[in-house]
Amino acid sequence: MRTVQHGRPQEGAAQDFGETLISLRDLNFWYGNKRALADVTMDFPINRVTALIGPSGCGKSTLLRCLNRMNDLIPGTRLAGEVTYHSQNIYAADIDPVEVRRRIGMVFQKPNPFPKSIYDNVAFGARVNGYDGDMDELVERSLKQAALFDEVKDDLKKSGLALSGGQQQRLCIARALAVGPDVILMDEPCSALDPIATLKIEDLIRELVKDFTIIIVTHNMQQAARVSDFTAFMLSAEDGAGRLIEYGPAQRVFTNPEEQRTEDYITGRFG
Amino acid sequence: MAVAPVKLQATGRVARRQAISRGSRYVLLAASLVGVGVLAYLAYDTFDSGASRLTWDFLNNYPSRFAERAGLRSSILGSIWVLAATVVLAFPVAIGTAIWIEEFAPKHWLVSIVKLNLANLAGVPSIIYGILGLAVFVRFYDLGPSILAGALTLAVMIIPMTVIASQEAIRQVPQSLRDGSLALGSTHWQTVRHHVLPQAMPGIMTGIILALSRAAGETAALIMIGAFTFIAWDNTSLFDDFTTVPIQIYNWSVRPSQQGFQVNASAAIIVLMAAVLSLNLLAAVIRERFRRE
């Protein structure tokens, strides 16, 4: 099985690719004996939205969780290869995962606000990271950045769990922003939301990419086409290990894929 | 032809299965009533024989050779002292153990053995803990049959079940909450401290209070360490000799019946039952209050 070796967004995109923030070199990942990622090499450009698409089980969420060391928490996993962020291998022995995670934030598939007030949800990350500025101001700014402030400003003491699903997800985004990250990883952030809430999150992603680098896993190809600047298509081989099949500017991947398998997937012929 | 093409009335096997199903409800109800009935009869019998002795004097008097003058003052105080000391000793150890096992312990066969043995320890008869307490706390550490020795013994006895209840509560905390916290750059301990523990606390409190209500009724282990004594003064120190309400009940109930001590025993049982029920009610209230917040 041939895999694409050059993980850079391919020709035609060189002019708007820009600077790399995170890059993967021969990334392999195992759950116990089962290989979930095989030799993934790719670069994520700074201040762009990169979407990871592919059928269920192709390793895209696993890949995402490798980028802020969330997989460290799952016992029995192993990683080989390099993940560099600002040219430092985040899996090097002297790197602290807590430092990595405060710079590379994450939003999960199912909104998971803490069972605390809206205010405390946003303030928590900043507090544990020793933020000593004006907390009220930070909470307000983060909620505004996440396009939630106007909806909740009258009752910041209300429980985060009392919000609607879409609002909860934006609260989780606000919470991630309050820590002051460069990168926001989003693991199917809209899969539990209705279409209107989904559109709000997508608009928000386009807004946030001006200041942040966003990497999003999605099942929804229209969503990838709408929000991403670059799109990576992943697929697992017979051995179950996910591989990178094609990676390039979203426009090109969706209109003129180089790989037959990419075309089959985005036209709905499998997966 | 007015005959319906299919027959929907129950006949034959279906009718028989349905009859069994309807009957099962009554059999199961009867099974439940056995327990409730026995409890109700015991409660009635105890009230019938003991209620007349339930006066302020009974609660406030020291034990006496005369049944009418004997009271629970020293044993109630002793129970309060011992239980308070037991909570203070058992609570941190139990929570600490549960957090370590659930959140920090590596996957190792030694840890598995510890986990397995916690369940075994929770099932060890209390008299065994009494022997342990006698050998270790009373004799080896030379604490004598003191409140401290009693509390240490009860603490050792309730720690396993408290740990198990706390583990259960910690396991109920959804992983997504831990992930959310860790993804914000909080450390493992900050995650436990700010999210896991508050979320698990109602379950932990319930476990502790239920364990305490077991300790409140414990007799054998305390008699074993030598708390079967005549105390006609108020406890003021952890190193005092002591007695407790269940020991007093045992003491009175083994006296010859014509002296009237049986009535005292019944009255003391009412007091003890009320205390234990209050503890259980408290557990329910705490659980509900935390849940609403």
# chains A, B, ... in the order shown; residues from 1 in each chain; ligands from 1
$ residues_around --residues "Val156 (chain B)" --least-positions-apart "2" --cutoff "9 Å" --atoms "only C-alpha atoms" --output "mmCIF file with all heavy atoms, in the first residue's frame"
data_model
loop_
_atom_site.group_PDB
_atom_site.id
_atom_site.type_symbol
_atom_site.label_atom_id
_atom_site.label_comp_id
_atom_site.auth_asym_id
_atom_site.auth_seq_id
_atom_site.Cartn_x
_atom_site.Cartn_y
_atom_site.Cartn_z
ATOM 1 N N THR B 86 -12.925 7.835 65.900
ATOM 2 C CA THR B 86 -12.866 6.884 64.782
ATOM 3 C C THR B 86 -12.930 7.619 63.447
ATOM 4 O O THR B 86 -12.160 7.323 62.526
ATOM 5 C CB THR B 86 -14.030 5.870 64.879
ATOM 6 O OG1 THR B 86 -13.951 5.212 66.140
ATOM 7 C CG2 THR B 86 -13.947 4.842 63.765
ATOM 8 N N LEU B 89 -9.717 9.367 62.678
ATOM 9 C CA LEU B 89 -8.634 8.447 62.307
ATOM 10 C C LEU B 89 -8.876 7.783 60.959
ATOM 11 O O LEU B 89 -7.963 7.638 60.148
ATOM 12 C CB LEU B 89 -8.488 7.355 63.388
ATOM 13 C CG LEU B 89 -7.998 7.822 64.749
ATOM 14 C CD1 LEU B 89 -8.202 6.718 65.789
ATOM 15 C CD2 LEU B 89 -6.533 8.204 64.680
ATOM 16 N N ALA B 90 -10.129 7.387 60.702
ATOM 17 C CA ALA B 90 -10.403 6.561 59.520
ATOM 18 C C ALA B 90 -10.546 7.396 58.251
ATOM 19 O O ALA B 90 -10.110 6.981 57.180
ATOM 20 C CB ALA B 90 -11.675 5.735 59.741
ATOM 21 N N TYR B 129 -11.148 -8.209 64.572
ATOM 22 C CA TYR B 129 -10.563 -6.877 64.752
ATOM 23 C C TYR B 129 -10.374 -6.583 66.230
ATOM 24 O O TYR B 129 -9.433 -5.904 66.636
ATOM 25 C CB TYR B 129 -11.451 -5.804 64.107
ATOM 26 C CG TYR B 129 -11.342 -5.782 62.603
ATOM 27 C CD1 TYR B 129 -12.346 -6.293 61.805
ATOM 28 C CD2 TYR B 129 -10.207 -5.254 61.997
ATOM 29 C CE1 TYR B 129 -12.235 -6.291 60.425
ATOM 30 C CE2 TYR B 129 -10.078 -5.251 60.631
ATOM 31 C CZ TYR B 129 -11.096 -5.771 59.845
ATOM 32 O OH TYR B 129 -10.973 -5.770 58.491
ATOM 33 N N GLY B 133 -7.040 -5.502 67.975
ATOM 34 C CA GLY B 133 -6.968 -4.288 68.789
ATOM 35 C C GLY B 133 -6.388 -4.586 70.160
ATOM 36 O O GLY B 133 -5.559 -3.837 70.681
ATOM 37 N N ALA B 151 -11.077 3.456 69.426
ATOM 38 C CA ALA B 151 -11.252 4.175 68.165
ATOM 39 C C ALA B 151 -10.314 3.612 67.100
ATOM 40 O O ALA B 151 -10.698 3.455 65.942
ATOM 41 C CB ALA B 151 -10.991 5.664 68.369
ATOM 42 N N LEU B 152 -9.071 3.294 67.495
ATOM 43 C CA LEU B 152 -8.132 2.713 66.530
ATOM 44 C C LEU B 152 -8.670 1.383 66.017
ATOM 45 O O LEU B 152 -8.618 1.086 64.814
ATOM 46 C CB LEU B 152 -6.759 2.519 67.177
ATOM 47 C CG LEU B 152 -5.926 3.792 67.353
ATOM 48 C CD1 LEU B 152 -4.771 3.558 68.330
ATOM 49 C CD2 LEU B 152 -5.376 4.260 66.011
ATOM 50 N N THR B 153 -9.212 0.580 66.935
ATOM 51 C CA THR B 153 -9.751 -0.715 66.532
ATOM 52 C C THR B 153 -10.918 -0.539 65.566
ATOM 53 O O THR B 153 -10.973 -1.187 64.518
ATOM 54 C CB THR B 153 -10.224 -1.488 67.784
ATOM 55 O OG1 THR B 153 -9.149 -1.542 68.721
ATOM 56 C CG2 THR B 153 -10.677 -2.884 67.418
ATOM 57 N N LEU B 154 -11.845 0.353 65.916
ATOM 58 C CA LEU B 154 -13.000 0.573 65.033
ATOM 59 C C LEU B 154 -12.557 1.182 63.707
ATOM 60 O O LEU B 154 -13.099 0.852 62.651
ATOM 61 C CB LEU B 154 -14.022 1.484 65.707
ATOM 62 C CG LEU B 154 -14.778 0.873 66.886
ATOM 63 C CD1 LEU B 154 -15.819 1.865 67.413
ATOM 64 C CD2 LEU B 154 -15.463 -0.425 66.494
ATOM 65 N N ILE B 158 -13.438 -0.229 60.037
ATOM 66 C CA ILE B 158 -14.295 0.392 59.010
ATOM 67 C C ILE B 158 -13.496 0.925 57.810
ATOM 68 O O ILE B 158 -14.090 1.245 56.790
ATOM 69 C CB ILE B 158 -15.185 1.521 59.574
ATOM 70 C CG1 ILE B 158 -14.348 2.730 60.007
ATOM 71 C CG2 ILE B 158 -16.079 1.010 60.688
ATOM 72 C CD1 ILE B 158 -15.207 3.953 60.269
ATOM 73 N N ILE B 159 -12.181 0.999 57.932
ATOM 74 C CA ILE B 159 -11.402 1.526 56.799
ATOM 75 C C ILE B 159 -11.647 0.725 55.509
ATOM 76 O O ILE B 159 -11.930 1.329 54.472
ATOM 77 C CB ILE B 159 -9.900 1.635 57.160
ATOM 78 C CG1 ILE B 159 -9.670 2.924 57.953
ATOM 79 C CG2 ILE B 159 -9.030 1.660 55.899
ATOM 80 C CD1 ILE B 159 -8.271 3.055 58.530
ATOM 81 N N PRO B 160 -11.601 -0.612 55.558
ATOM 82 C CA PRO B 160 -11.799 -1.319 54.278
ATOM 83 C C PRO B 160 -13.128 -0.977 53.604
ATOM 84 O O PRO B 160 -13.159 -0.685 52.413
ATOM 85 C CB PRO B 160 -11.743 -2.791 54.675
ATOM 86 C CG PRO B 160 -10.964 -2.818 55.934
ATOM 87 C CD PRO B 160 -11.290 -1.544 56.644
#
$ closest_atom_pairs --of "chain B" --to "chain A" --cutoff "10 Å" --atoms "only C-alpha atoms" --output "Markdown table"
| residue | atom | partner | partner_atom | distance |
| --- | --- | --- | --- | --- |
| B:Pro106 | CA | A:Pro75 | CA | 9.0 |
| B:Lys107 | CA | A:Pro75 | CA | 8.3 |
| B:Pro174 | CA | A:Asn112 | CA | 9.6 |
| B:Gln175 | CA | A:Asn112 | CA | 9.8 |
| B:Ser176 | CA | A:Asn112 | CA | 6.2 |
| B:Leu177 | CA | A:Asn112 | CA | 6.3 |
| B:Arg178 | CA | A:Phe114 | CA | 9.5 |
| B:Asp179 | CA | A:Met70 | CA | 7.7 |
| B:Gly180 | CA | A:Asn112 | CA | 6.6 |
| B:Ser181 | CA | A:Gly125 | CA | 7.5 |
| B:Leu182 | CA | A:Arg101 | CA | 7.5 |
| B:Ala183 | CA | A:Arg101 | CA | 5.6 |
| B:Leu184 | CA | A:Gly125 | CA | 5.3 |
| B:Gly185 | CA | A:Arg102 | CA | 4.3 |
| B:Ser186 | CA | A:Val128 | CA | 5.9 |
| B:Thr187 | CA | A:Val98 | CA | 6.3 |
| B:His188 | CA | A:Val98 | CA | 9.0 |
| B:Gln190 | CA | A:Val128 | CA | 7.3 |
| B:Thr191 | CA | A:Val128 | CA | 9.5 |
| B:His194 | CA | A:Phe124 | CA | 9.0 |
| B:His195 | CA | A:Phe114 | CA | 7.6 |
| B:Pro198 | CA | A:Pro115 | CA | 9.6 |
| B:Gln199 | CA | A:Pro115 | CA | 8.4 |
| B:Glu293 | CA | A:Pro115 | CA | 8.3 |
$ residues_around --residues "region 83-85 of chain A" --least-positions-apart "5" --cutoff "8 Å" --atoms "only C-alpha atoms" --output "ChimeraX atom specification"
/A:21-25,27,66-67,90-91
$ residues_around --residues "Val217 (chain A)" --least-positions-apart "2" --cutoff "10 Å" --atoms "only C-alpha atoms" --output "PDB file with all heavy atoms, in the first residue's frame"
ATOM      1  N   THR A  50      -6.694  23.270  10.114  1.00  0.00           N
ATOM      2  CA  THR A  50      -6.403  22.021   9.418  1.00  0.00           C
ATOM      3  C   THR A  50      -7.425  20.994   9.876  1.00  0.00           C
ATOM      4  O   THR A  50      -7.634  20.815  11.078  1.00  0.00           O
ATOM      5  CB  THR A  50      -4.980  21.522   9.751  1.00  0.00           C
ATOM      6  OG1 THR A  50      -4.065  22.567   9.452  1.00  0.00           O
ATOM      7  CG2 THR A  50      -4.644  20.280   8.944  1.00  0.00           C
ATOM      8  N   ALA A  51      -8.069  20.347   8.907  1.00  0.00           N
ATOM      9  CA  ALA A  51      -9.075  19.341   9.261  1.00  0.00           C
ATOM     10  C   ALA A  51      -8.522  17.955   9.005  1.00  0.00           C
ATOM     11  O   ALA A  51      -7.824  17.729   8.011  1.00  0.00           O
ATOM     12  CB  ALA A  51     -10.340  19.560   8.439  1.00  0.00           C
ATOM     13  N   LEU A  52      -8.817  17.035   9.939  1.00  0.00           N
ATOM     14  CA  LEU A  52      -8.471  15.629   9.739  1.00  0.00           C
ATOM     15  C   LEU A  52      -9.777  14.901   9.447  1.00  0.00           C
ATOM     16  O   LEU A  52     -10.699  14.930  10.258  1.00  0.00           O
ATOM     17  CB  LEU A  52      -7.831  15.045  10.995  1.00  0.00           C
ATOM     18  CG  LEU A  52      -6.566  15.728  11.517  1.00  0.00           C
ATOM     19  CD1 LEU A  52      -6.163  15.137  12.863  1.00  0.00           C
ATOM     20  CD2 LEU A  52      -5.435  15.568  10.516  1.00  0.00           C
ATOM     21  N   ILE A  53      -9.872  14.289   8.278  1.00  0.00           N
ATOM     22  CA  ILE A  53     -11.077  13.545   7.954  1.00  0.00           C
ATOM     23  C   ILE A  53     -10.714  12.098   7.664  1.00  0.00           C
ATOM     24  O   ILE A  53      -9.544  11.770   7.442  1.00  0.00           O
ATOM     25  CB  ILE A  53     -11.837  14.144   6.744  1.00  0.00           C
ATOM     26  CG1 ILE A  53     -10.973  14.111   5.480  1.00  0.00           C
ATOM     27  CG2 ILE A  53     -12.279  15.570   7.033  1.00  0.00           C
ATOM     28  CD1 ILE A  53     -11.756  14.419   4.210  1.00  0.00           C
ATOM     29  N   GLY A  54     -11.755  11.273   7.660  1.00  0.00           N
ATOM     30  CA  GLY A  54     -11.536   9.854   7.398  1.00  0.00           C
ATOM     31  C   GLY A  54     -12.604   9.052   8.098  1.00  0.00           C
ATOM     32  O   GLY A  54     -13.277   9.568   8.997  1.00  0.00           O
ATOM     33  N   LYS A  60      -7.781   9.307  13.434  1.00  0.00           N
ATOM     34  CA  LYS A  60      -7.670  10.771  13.441  1.00  0.00           C
ATOM     35  C   LYS A  60      -7.775  11.345  14.849  1.00  0.00           C
ATOM     36  O   LYS A  60      -7.032  12.262  15.198  1.00  0.00           O
ATOM     37  CB  LYS A  60      -8.683  11.420  12.471  1.00  0.00           C
ATOM     38  CG  LYS A  60     -10.107  10.941  12.584  1.00  0.00           C
ATOM     39  CD  LYS A  60     -10.919  11.393  11.378  1.00  0.00           C
ATOM     40  CE  LYS A  60     -12.419  11.209  11.625  1.00  0.00           C
ATOM     41  NZ  LYS A  60     -12.797   9.841  12.041  1.00  0.00           N
ATOM     42  N   SER A  61      -8.670  10.790  15.676  1.00  0.00           N
ATOM     43  CA  SER A  61      -8.741  11.282  17.058  1.00  0.00           C
ATOM     44  C   SER A  61      -7.478  10.903  17.836  1.00  0.00           C
ATOM     45  O   SER A  61      -6.992  11.679  18.655  1.00  0.00           O
ATOM     46  CB  SER A  61      -9.970  10.704  17.774  1.00  0.00           C
ATOM     47  OG  SER A  61     -11.139  11.269  17.243  1.00  0.00           O
ATOM     48  N   THR A  62      -6.974   9.711  17.573  1.00  0.00           N
ATOM     49  CA  THR A  62      -5.732   9.292  18.227  1.00  0.00           C
ATOM     50  C   THR A  62      -4.617  10.261  17.875  1.00  0.00           C
ATOM     51  O   THR A  62      -3.852  10.703  18.742  1.00  0.00           O
ATOM     52  CB  THR A  62      -5.351   7.875  17.752  1.00  0.00           C
ATOM     53  OG1 THR A  62      -6.409   6.988  18.075  1.00  0.00           O
ATOM     54  CG2 THR A  62      -4.070   7.404  18.408  1.00  0.00           C
ATOM     55  N   LEU A  63      -4.554  10.623  16.577  1.00  0.00           N
ATOM     56  CA  LEU A  63      -3.518  11.553  16.142  1.00  0.00           C
ATOM     57  C   LEU A  63      -3.671  12.882  16.868  1.00  0.00           C
ATOM     58  O   LEU A  63      -2.703  13.446  17.389  1.00  0.00           O
ATOM     59  CB  LEU A  63      -3.605  11.735  14.629  1.00  0.00           C
ATOM     60  CG  LEU A  63      -2.445  12.494  13.986  1.00  0.00           C
ATOM     61  CD1 LEU A  63      -2.267  12.024  12.545  1.00  0.00           C
ATOM     62  CD2 LEU A  63      -2.647  13.983  13.985  1.00  0.00           C
ATOM     63  N   LEU A  64      -4.910  13.348  16.940  1.00  0.00           N
ATOM     64  CA  LEU A  64      -5.152  14.634  17.598  1.00  0.00           C
ATOM     65  C   LEU A  64      -4.673  14.600  19.044  1.00  0.00           C
ATOM     66  O   LEU A  64      -4.030  15.530  19.534  1.00  0.00           O
ATOM     67  CB  LEU A  64      -6.643  14.968  17.536  1.00  0.00           C
ATOM     68  CG  LEU A  64      -7.007  16.406  17.848  1.00  0.00           C
ATOM     69  CD1 LEU A  64      -6.631  17.293  16.674  1.00  0.00           C
ATOM     70  CD2 LEU A  64      -8.500  16.546  18.135  1.00  0.00           C
ATOM     71  N   PHE A 108     -13.489  18.861  23.336  1.00  0.00           N
ATOM     72  CA  PHE A 108     -13.815  17.457  23.123  1.00  0.00           C
ATOM     73  C   PHE A 108     -15.116  17.277  22.345  1.00  0.00           C
ATOM     74  O   PHE A 108     -15.885  18.213  22.146  1.00  0.00           O
ATOM     75  CB  PHE A 108     -13.905  16.733  24.469  1.00  0.00           C
ATOM     76  CG  PHE A 108     -12.595  16.728  25.204  1.00  0.00           C
ATOM     77  CD1 PHE A 108     -12.230  17.801  26.007  1.00  0.00           C
ATOM     78  CD2 PHE A 108     -11.716  15.677  25.064  1.00  0.00           C
ATOM     79  CE1 PHE A 108     -11.010  17.812  26.668  1.00  0.00           C
ATOM     80  CE2 PHE A 108     -10.497  15.678  25.727  1.00  0.00           C
ATOM     81  CZ  PHE A 108     -10.147  16.748  26.524  1.00  0.00           C
ATOM     82  N   GLN A 109     -15.331  16.038  21.989  1.00  0.00           N
ATOM     83  CA  GLN A 109     -16.495  15.678  21.184  1.00  0.00           C
ATOM     84  C   GLN A 109     -17.800  16.009  21.892  1.00  0.00           C
ATOM     85  O   GLN A 109     -18.670  16.662  21.347  1.00  0.00           O
ATOM     86  CB  GLN A 109     -16.411  14.176  20.903  1.00  0.00           C
ATOM     87  CG  GLN A 109     -17.520  13.657  20.042  1.00  0.00           C
ATOM     88  CD  GLN A 109     -17.221  12.235  19.602  1.00  0.00           C
ATOM     89  OE1 GLN A 109     -16.165  11.674  19.905  1.00  0.00           O
ATOM     90  NE2 GLN A 109     -18.148  11.649  18.894  1.00  0.00           N
ATOM     91  N   LEU A 185      -7.043  22.210  19.718  1.00  0.00           N
ATOM     92  CA  LEU A 185      -7.394  20.954  19.068  1.00  0.00           C
ATOM     93  C   LEU A 185      -8.877  20.728  19.286  1.00  0.00           C
ATOM     94  O   LEU A 185      -9.386  20.915  20.389  1.00  0.00           O
ATOM     95  CB  LEU A 185      -6.609  19.796  19.689  1.00  0.00           C
ATOM     96  CG  LEU A 185      -5.095  19.973  19.798  1.00  0.00           C
ATOM     97  CD1 LEU A 185      -4.488  18.772  20.525  1.00  0.00           C
ATOM     98  CD2 LEU A 185      -4.486  20.126  18.414  1.00  0.00           C
ATOM     99  N   MET A 186      -9.582  20.343  18.235  1.00  0.00           N
ATOM    100  CA  MET A 186     -11.015  20.102  18.385  1.00  0.00           C
ATOM    101  C   MET A 186     -11.329  18.713  17.860  1.00  0.00           C
ATOM    102  O   MET A 186     -11.096  18.403  16.703  1.00  0.00           O
ATOM    103  CB  MET A 186     -11.804  21.144  17.605  1.00  0.00           C
ATOM    104  CG  MET A 186     -11.599  22.560  18.108  1.00  0.00           C
ATOM    105  SD  MET A 186     -12.706  23.694  17.262  1.00  0.00           S
ATOM    106  CE  MET A 186     -12.428  25.182  18.214  1.00  0.00           C
ATOM    107  N   ASP A 187     -11.880  17.895  18.767  1.00  0.00           N
ATOM    108  CA  ASP A 187     -12.176  16.516  18.411  1.00  0.00           C
ATOM    109  C   ASP A 187     -13.670  16.381  18.113  1.00  0.00           C
ATOM    110  O   ASP A 187     -14.466  16.243  19.031  1.00  0.00           O
ATOM    111  CB  ASP A 187     -11.764  15.604  19.573  1.00  0.00           C
ATOM    112  CG  ASP A 187     -11.839  14.138  19.201  1.00  0.00           C
ATOM    113  OD1 ASP A 187     -12.258  13.835  18.065  1.00  0.00           O
ATOM    114  OD2 ASP A 187     -11.480  13.306  20.050  1.00  0.00           O
ATOM    115  N   GLU A 188     -14.039  16.452  16.860  1.00  0.00           N
ATOM    116  CA  GLU A 188     -15.443  16.407  16.447  1.00  0.00           C
ATOM    117  C   GLU A 188     -16.314  17.307  17.325  1.00  0.00           C
ATOM    118  O   GLU A 188     -17.262  16.835  17.956  1.00  0.00           O
ATOM    119  CB  GLU A 188     -15.978  14.973  16.505  1.00  0.00           C
ATOM    120  CG  GLU A 188     -15.222  14.039  15.581  1.00  0.00           C
ATOM    121  CD  GLU A 188     -15.816  12.643  15.579  1.00  0.00           C
ATOM    122  OE1 GLU A 188     -17.052  12.547  15.646  1.00  0.00           O
ATOM    123  OE2 GLU A 188     -15.047  11.669  15.532  1.00  0.00           O
ATOM    124  N   PRO A 189     -16.027  18.592  17.361  1.00  0.00           N
ATOM    125  CA  PRO A 189     -16.679  19.470  18.346  1.00  0.00           C
ATOM    126  C   PRO A 189     -18.167  19.654  18.096  1.00  0.00           C
ATOM    127  O   PRO A 189     -18.872  20.129  18.985  1.00  0.00           O
ATOM    128  CB  PRO A 189     -15.939  20.797  18.171  1.00  0.00           C
ATOM    129  CG  PRO A 189     -15.455  20.769  16.770  1.00  0.00           C
ATOM    130  CD  PRO A 189     -15.116  19.341  16.486  1.00  0.00           C
ATOM    131  N   CYS A 190     -18.654  19.303  16.924  1.00  0.00           N
ATOM    132  CA  CYS A 190     -20.066  19.556  16.622  1.00  0.00           C
ATOM    133  C   CYS A 190     -20.880  18.290  16.528  1.00  0.00           C
ATOM    134  O   CYS A 190     -22.071  18.344  16.224  1.00  0.00           O
ATOM    135  CB  CYS A 190     -20.186  20.332  15.312  1.00  0.00           C
ATOM    136  SG  CYS A 190     -19.291  21.880  15.343  1.00  0.00           S
ATOM    137  N   ILE A 215      -6.708  22.749  14.846  1.00  0.00           N
ATOM    138  CA  ILE A 215      -6.687  21.450  14.193  1.00  0.00           C
ATOM    139  C   ILE A 215      -7.967  20.743  14.611  1.00  0.00           C
ATOM    140  O   ILE A 215      -8.255  20.607  15.802  1.00  0.00           O
ATOM    141  CB  ILE A 215      -5.444  20.636  14.612  1.00  0.00           C
ATOM    142  CG1 ILE A 215      -4.182  21.435  14.256  1.00  0.00           C
ATOM    143  CG2 ILE A 215      -5.436  19.277  13.912  1.00  0.00           C
ATOM    144  CD1 ILE A 215      -2.905  20.848  14.813  1.00  0.00           C
ATOM    145  N   HIS A 219     -16.132  14.271  11.261  1.00  0.00           N
ATOM    146  CA  HIS A 219     -16.738  13.212  10.460  1.00  0.00           C
ATOM    147  C   HIS A 219     -17.482  13.800   9.281  1.00  0.00           C
ATOM    148  O   HIS A 219     -17.889  13.093   8.379  1.00  0.00           O
ATOM    149  CB  HIS A 219     -17.772  12.459  11.317  1.00  0.00           C
ATOM    150  CG  HIS A 219     -17.268  11.162  11.792  1.00  0.00           C
ATOM    151  ND1 HIS A 219     -17.146  10.867  13.121  1.00  0.00           N
ATOM    152  CD2 HIS A 219     -16.826  10.077  11.127  1.00  0.00           C
ATOM    153  CE1 HIS A 219     -16.657   9.649  13.240  1.00  0.00           C
ATOM    154  NE2 HIS A 219     -16.461   9.153  12.053  1.00  0.00           N
ATOM    155  N   ASN A 220     -17.696  15.097   9.390  1.00  0.00           N
ATOM    156  CA  ASN A 220     -18.610  15.754   8.479  1.00  0.00           C
ATOM    157  C   ASN A 220     -17.797  16.435   7.376  1.00  0.00           C
ATOM    158  O   ASN A 220     -17.090  17.404   7.625  1.00  0.00           O
ATOM    159  CB  ASN A 220     -19.402  16.771   9.311  1.00  0.00           C
ATOM    160  CG  ASN A 220     -20.373  17.558   8.485  1.00  0.00           C
ATOM    161  OD1 ASN A 220     -20.187  17.752   7.287  1.00  0.00           O
ATOM    162  ND2 ASN A 220     -21.425  18.023   9.134  1.00  0.00           N
ATOM    163  N   ALA A 224     -15.663  20.027   7.028  1.00  0.00           N
ATOM    164  CA  ALA A 224     -14.238  20.163   6.711  1.00  0.00           C
ATOM    165  C   ALA A 224     -14.062  21.110   5.533  1.00  0.00           C
ATOM    166  O   ALA A 224     -13.186  21.978   5.539  1.00  0.00           O
ATOM    167  CB  ALA A 224     -13.635  18.795   6.394  1.00  0.00           C
ATOM    168  N   THR A 231      -6.731  20.152   4.466  1.00  0.00           N
ATOM    169  CA  THR A 231      -7.460  18.949   4.838  1.00  0.00           C
ATOM    170  C   THR A 231      -6.550  17.746   4.666  1.00  0.00           C
ATOM    171  O   THR A 231      -5.852  17.619   3.657  1.00  0.00           O
ATOM    172  CB  THR A 231      -8.705  18.784   3.961  1.00  0.00           C
ATOM    173  OG1 THR A 231      -9.519  19.946   4.107  1.00  0.00           O
ATOM    174  CG2 THR A 231      -9.505  17.560   4.372  1.00  0.00           C
ATOM    175  N   ALA A 232      -6.563  16.890   5.697  1.00  0.00           N
ATOM    176  CA  ALA A 232      -5.790  15.650   5.628  1.00  0.00           C
ATOM    177  C   ALA A 232      -6.777  14.496   5.630  1.00  0.00           C
ATOM    178  O   ALA A 232      -7.682  14.455   6.461  1.00  0.00           O
ATOM    179  CB  ALA A 232      -4.861  15.547   6.831  1.00  0.00           C
TER     180      ALA A 232
END
$ residues_around --residues "region 70-77 of chain B" --least-positions-apart "3" --cutoff "6 Å" --atoms "only C-alpha atoms" --output "ChimeraX atom specification"
/B:58-64,67,80,234,243-245
$ closest_residue --among "B:Val14, B:Phe66, B:Ala169, B:Ala119" --to "Arg255 (chain B)" --atoms "only C-alpha atoms"
B:Phe66
$ residues_around --residues "Phe228 (chain B)" --least-positions-apart "5" --cutoff "9 Å" --atoms "only C-alpha atoms" --output "NGL selection string"
:B and (222-223 or 242-244 or 247-248 or 251)
$ select_by_dssp --residues "region 240-270 of chain A" --states "strand (DSSP E or B)" --output "JSON, numbers by chain"
{"A": [242, 243, 244, 245, 246, 247, 248, 249]}
$ residues_around --residues "Ile99 (chain B)" --least-positions-apart "3" --cutoff "9 Å" --atoms "only C-alpha atoms" --output "PyMOL selection string"
chain B and resi 94-96+102-105+163+166-167+170+192+197
$ atom_distance --atom1 "CA of Thr77 (chain A)" --atom2 "CA of Arg243 (chain A)"
17.8 Å
$ closest_residue --among "B:Gly37, B:Pro246, B:Gly207, B:Pro202" --to "Ala220 (chain B)" --atoms "only C-alpha atoms"
B:Pro246
$ select_by_dssp --residues "region 204-268 of chain A" --states "alpha helix (DSSP H)" --output "PyMOL selection string"
chain A and resi 204-208+221-227+250-255+260-266
$ atom_distance --atom1 "CA of Leu156 (chain A)" --atom2 "CA of Ser117 (chain A)"
6.6 Å
$ atom_distance --atom1 "CA of Val114 (chain B)" --atom2 "CA of Arg287 (chain B)"
28.3 Å
